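These notes are about the structure you will find just below.
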Amino acid sequence: MKRFKIILFIINIISLGISQDGISSAQLEAIKKMTEDINTAPDFSLMSLDDSTYTLSNMKNNVVLVNFWATWCGPCRMEIPDFNELYLKHNKDGFEILGLAMDGSKKSLKNFTKSYKMEYPVLYGSARDLNKVSMDYGGIMSLPTSVLIGKNNEVIRTYPGAILKSYNPQQYAAFVYEIEKALSKE
């Protein structure tokens, strides 16, 4: 939503500038200021099932995959083994996966993880907190949706739908390449 408003603002500024024989330096400065953090991932803090607090802005030196999912979502469940494998392989290099459960209480999520082992942190929060995070990320319209965030909290790519090694090997290979490329950056 924030990006949409910024883009709309820029279009208005440009159209006004064009109709008045160009864009003024003040207008250019306003555009630059509004767009300098357009690719910065919105910050959030949520609790994990082990009672730790995860704050995205504290993970600036890591590559983070924020995975919006739900316990009732079949494709979400199908991603878990592939994400576990990625997490175990790359966590030591600075890769984090944050599974943001869009449903369930701490108790129900703990029960879920007894059946579906998740090696990476599962985060939860109130409906209000989760809705805010979802809206800050443009309004998550489908589950699963994953957002790959590079070092310094720059959004690299958003992946709507499941990322499954066995279903779409080419997409999965490109996904792993993006993670490894982001990890190699200083």
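Here, A, B, ... name the chains of the structure tokens in the order displayed, residue numbers run from 1 inside each chain, and ligands are numbered from 1 in the same displayed order.
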
Next item on the list: For region 119-133 of chain A, list every protein, DNA or RNA residue within 8 Å, evaluated using only C-alpha atoms, and leave out those in the same chain fewer than 4 positions away; present the list as a ChimeraX atom specification.
Entry: /A:42,44,46-49,54,84,87-88,96-106,137

Next item on the list: Just the strand (DSSP E or B) stuff from chain A, please, per backbone DSSP, written as a PyMOL selection string.
Entry: chain A and resi 40+45-48+53-55+63-69+95-101+122-124+145-149+154-160

Generate the output file for the selected residues, N, CA, C and O atoms, as a compact mmCIF listing (two decimals), in the first residue's frame.
# COMPACT_ATOMS: atom_id res chain seq x y z
N THR A 40 13.00 -0.95 1.08
CA THR A 40 13.32 -1.38 2.43
C THR A 40 12.14 -2.17 3.00
O THR A 40 10.99 -1.73 2.93
N SER A 45 8.08 -6.73 14.83
CA SER A 45 8.54 -7.55 15.95
C SER A 45 7.42 -8.51 16.32
O SER A 45 6.29 -8.07 16.53
N LEU A 46 7.74 -9.79 16.36
CA LEU A 46 6.77 -10.82 16.75
C LEU A 46 7.47 -11.84 17.63
O LEU A 46 8.69 -11.99 17.59
N MET A 47 6.67 -12.55 18.40
CA MET A 47 7.17 -13.59 19.30
C MET A 47 7.27 -14.92 18.55
O MET A 47 6.46 -15.21 17.68
N SER A 48 8.24 -15.73 18.98
CA SER A 48 8.38 -17.07 18.44
C SER A 48 7.82 -18.07 19.45
O SER A 48 7.54 -17.72 20.59
N THR A 53 11.80 -12.84 20.96
CA THR A 53 11.23 -11.79 20.12
C THR A 53 12.12 -11.61 18.90
O THR A 53 13.35 -11.47 19.04
N TYR A 54 11.52 -11.65 17.74
CA TYR A 54 12.25 -11.43 16.49
C TYR A 54 11.84 -10.08 15.93
O TYR A 54 10.66 -9.82 15.70
N THR A 55 12.85 -9.23 15.70
CA THR A 55 12.64 -7.91 15.11
C THR A 55 13.45 -7.86 13.83
O THR A 55 14.68 -8.05 13.85
N VAL A 63 20.35 -12.54 5.49
CA VAL A 63 19.37 -12.67 4.42
C VAL A 63 18.18 -13.38 5.06
O VAL A 63 18.35 -14.41 5.71
N VAL A 64 16.98 -12.80 4.91
CA VAL A 64 15.81 -13.31 5.62
C VAL A 64 14.70 -13.65 4.63
O VAL A 64 14.40 -12.85 3.73
N LEU A 65 14.12 -14.80 4.81
CA LEU A 65 12.92 -15.17 4.07
C LEU A 65 11.75 -15.06 5.05
O LEU A 65 11.70 -15.79 6.04
N VAL A 66 10.86 -14.12 4.79
CA VAL A 66 9.65 -13.98 5.60
C VAL A 66 8.57 -14.77 4.88
O VAL A 66 8.20 -14.45 3.75
N ASN A 67 8.10 -15.82 5.52
CA ASN A 67 7.12 -16.73 4.93
C ASN A 67 5.78 -16.58 5.64
O ASN A 67 5.66 -16.92 6.82
N PHE A 68 4.79 -16.03 4.94
CA PHE A 68 3.43 -15.91 5.45
C PHE A 68 2.73 -17.23 5.15
O PHE A 68 2.64 -17.63 3.98
N TRP A 69 2.22 -17.89 6.18
CA TRP A 69 1.63 -19.21 6.00
C TRP A 69 0.52 -19.43 7.03
O TRP A 69 0.31 -18.61 7.92
N PHE A 95 21.57 -17.02 6.87
CA PHE A 95 20.23 -17.11 6.28
C PHE A 95 19.22 -17.44 7.37
O PHE A 95 19.43 -18.37 8.15
N GLU A 96 18.16 -16.67 7.44
CA GLU A 96 17.08 -16.90 8.39
C GLU A 96 15.77 -17.09 7.65
O GLU A 96 15.53 -16.43 6.63
N ILE A 97 14.95 -17.95 8.16
CA ILE A 97 13.56 -18.06 7.70
C ILE A 97 12.69 -17.73 8.89
O ILE A 97 12.89 -18.27 9.98
N LEU A 98 11.76 -16.82 8.69
CA LEU A 98 10.78 -16.48 9.72
C LEU A 98 9.41 -16.90 9.20
O LEU A 98 8.90 -16.31 8.25
N GLY A 99 8.85 -17.93 9.82
CA GLY A 99 7.53 -18.41 9.42
C GLY A 99 6.46 -17.66 10.18
O GLY A 99 6.26 -17.92 11.37
N LEU A 100 5.79 -16.71 9.54
CA LEU A 100 4.74 -15.92 10.19
C LEU A 100 3.41 -16.64 10.06
O LEU A 100 2.81 -16.66 8.98
N ALA A 101 2.98 -17.28 11.13
CA ALA A 101 1.73 -18.02 11.13
C ALA A 101 0.56 -17.04 11.17
O ALA A 101 0.42 -16.29 12.12
N VAL A 122 9.07 -20.12 14.14
CA VAL A 122 7.66 -19.88 13.82
C VAL A 122 7.21 -18.72 14.69
O VAL A 122 7.31 -18.77 15.92
N LEU A 123 6.74 -17.66 14.03
CA LEU A 123 6.32 -16.46 14.74
C LEU A 123 4.80 -16.37 14.74
O LEU A 123 4.14 -16.82 13.82
N TYR A 124 4.28 -15.77 15.79
CA TYR A 124 2.83 -15.61 15.92
C TYR A 124 2.55 -14.25 16.55
O TYR A 124 3.44 -13.58 17.06
N THR A 145 2.87 -16.88 0.91
CA THR A 145 3.60 -15.83 0.21
C THR A 145 4.90 -15.64 0.97
O THR A 145 4.90 -15.57 2.20
N SER A 146 5.98 -15.59 0.22
CA SER A 146 7.30 -15.42 0.83
C SER A 146 7.97 -14.18 0.28
O SER A 146 7.86 -13.89 -0.91
N VAL A 147 8.67 -13.47 1.16
CA VAL A 147 9.40 -12.27 0.77
C VAL A 147 10.87 -12.50 1.13
O VAL A 147 11.20 -12.72 2.29
N LEU A 148 11.72 -12.43 0.10
CA LEU A 148 13.16 -12.59 0.31
C LEU A 148 13.77 -11.21 0.54
O LEU A 148 13.60 -10.30 -0.28
N ILE A 149 14.44 -11.07 1.67
CA ILE A 149 15.00 -9.79 2.10
C ILE A 149 16.51 -9.96 2.23
O ILE A 149 16.99 -10.84 2.93
N GLU A 154 16.81 -4.97 2.46
CA GLU A 154 16.31 -4.62 1.12
C GLU A 154 15.49 -5.79 0.57
O GLU A 154 15.96 -6.93 0.53
N VAL A 155 14.25 -5.49 0.13
CA VAL A 155 13.41 -6.53 -0.46
C VAL A 155 14.00 -6.92 -1.81
O VAL A 155 14.21 -6.07 -2.68
N ILE A 156 14.28 -8.20 -1.96
CA ILE A 156 14.83 -8.71 -3.21
C ILE A 156 13.71 -9.16 -4.13
O ILE A 156 13.66 -8.81 -5.30
N ARG A 157 12.78 -9.94 -3.56
CA ARG A 157 11.68 -10.48 -4.38
C ARG A 157 10.58 -11.01 -3.50
O ARG A 157 10.83 -11.49 -2.39
N THR A 158 9.37 -10.94 -4.01
CA THR A 158 8.20 -11.53 -3.35
C THR A 158 7.76 -12.73 -4.18
O THR A 158 7.67 -12.64 -5.42
N TYR A 159 7.48 -13.82 -3.50
CA TYR A 159 7.05 -15.06 -4.15
C TYR A 159 5.63 -15.40 -3.71
O TYR A 159 5.45 -15.98 -2.63
N PRO A 160 4.62 -15.07 -4.50
CA PRO A 160 3.27 -15.51 -4.14
C PRO A 160 3.11 -16.98 -4.51
O PRO A 160 3.56 -17.42 -5.57

Margin query: as a ChimeraX atom specification, please: every residue in region 16-114 of chain A that a backbone DSSP assignment puts in alpha helix (DSSP H).
Written below: /A:16-19,25-35,74-90,106-114

Next item on the list: Rank A:Met34, A:Leu143, A:Leu183, A:Leu109 by their smallest atom-to-atom distance to Asp50 (chain A), using only C-alpha atoms, and report the top residue only.
Entry: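 Going through A:Met34, A:Leu143, A:Leu183, A:Leu109 one by one, the smallest distance to Asp50 (chain A) is for A:Leu109.
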
Check: How many Å lie between CA of Ala26 (chain A) and CA of Ala41 (chain A), rounded to one decimal?
Finding: 26.8 Å

Margin query: List as a count of residues only the protein and nucleic acid residues near Ser115 (chain A), meaning an atom at most 12 Å away when only C-alpha atoms are counted, but skip any in the same chain fewer than 6 places from it.
Written below: 5

Next item on the list: Can you work out the spacing between CA of Asn152 (chain A) and CA of Tyr177 (chain A) in Å, to one decimal?
Entry: 18.7 Å

Note to self: With only C-alpha atoms as the counted atoms, please give the residues lying no more than 6 Å from Asn62 (chain A), apart from itself and same-chain residues fewer than 3 positions off, as a PyMOL selection string.
What the structure shows: chain A and resi 59+94-95+151

Write the residues you've just listed into a file as an mmCIF file, in the first residue's frame, and include all heavy atoms for each of them.
data_model
loop_
_atom_site.group_PDB
_atom_site.id
_atom_site.type_symbol
_atom_site.label_atom_id
_atom_site.label_comp_id
_atom_site.auth_asym_id
_atom_site.auth_seq_id
_atom_site.Cartn_x
_atom_site.Cartn_y
_atom_site.Cartn_z
ATOM 1 N N MET A 59 18.079 -7.779 12.133
ATOM 2 C CA MET A 59 18.649 -8.859 11.323
ATOM 3 C C MET A 59 19.291 -8.308 10.047
ATOM 4 O O MET A 59 19.370 -9.009 9.036
ATOM 5 C CB MET A 59 17.543 -9.874 10.992
ATOM 6 C CG MET A 59 16.842 -10.407 12.222
ATOM 7 S SD MET A 59 15.462 -11.463 11.815
ATOM 8 C CE MET A 59 16.272 -13.032 11.940
ATOM 9 N N GLY A 94 24.243 -17.104 7.570
ATOM 10 C CA GLY A 94 23.492 -15.873 7.794
ATOM 11 C C GLY A 94 22.117 -15.854 7.163
ATOM 12 O O GLY A 94 21.526 -14.791 6.968
ATOM 13 N N PHE A 95 21.569 -17.023 6.866
ATOM 14 C CA PHE A 95 20.228 -17.111 6.275
ATOM 15 C C PHE A 95 19.221 -17.440 7.371
ATOM 16 O O PHE A 95 19.431 -18.370 8.149
ATOM 17 C CB PHE A 95 20.207 -18.194 5.195
ATOM 18 C CG PHE A 95 18.865 -18.396 4.546
ATOM 19 C CD1 PHE A 95 18.229 -17.364 3.867
ATOM 20 C CD2 PHE A 95 18.239 -19.627 4.605
ATOM 21 C CE1 PHE A 95 16.999 -17.564 3.258
ATOM 22 C CE2 PHE A 95 17.011 -19.836 3.993
ATOM 23 C CZ PHE A 95 16.396 -18.796 3.322
ATOM 24 N N LYS A 151 20.579 -8.395 2.818
ATOM 25 C CA LYS A 151 21.259 -7.685 3.893
ATOM 26 C C LYS A 151 20.868 -6.210 3.814
ATOM 27 O O LYS A 151 20.576 -5.697 2.742
ATOM 28 C CB LYS A 151 22.765 -7.872 3.774
ATOM 29 C CG LYS A 151 23.170 -9.337 3.975
ATOM 30 C CD LYS A 151 24.638 -9.556 3.749
ATOM 31 C CE LYS A 151 24.966 -11.034 3.920
ATOM 32 N NZ LYS A 151 26.358 -11.334 3.589
#
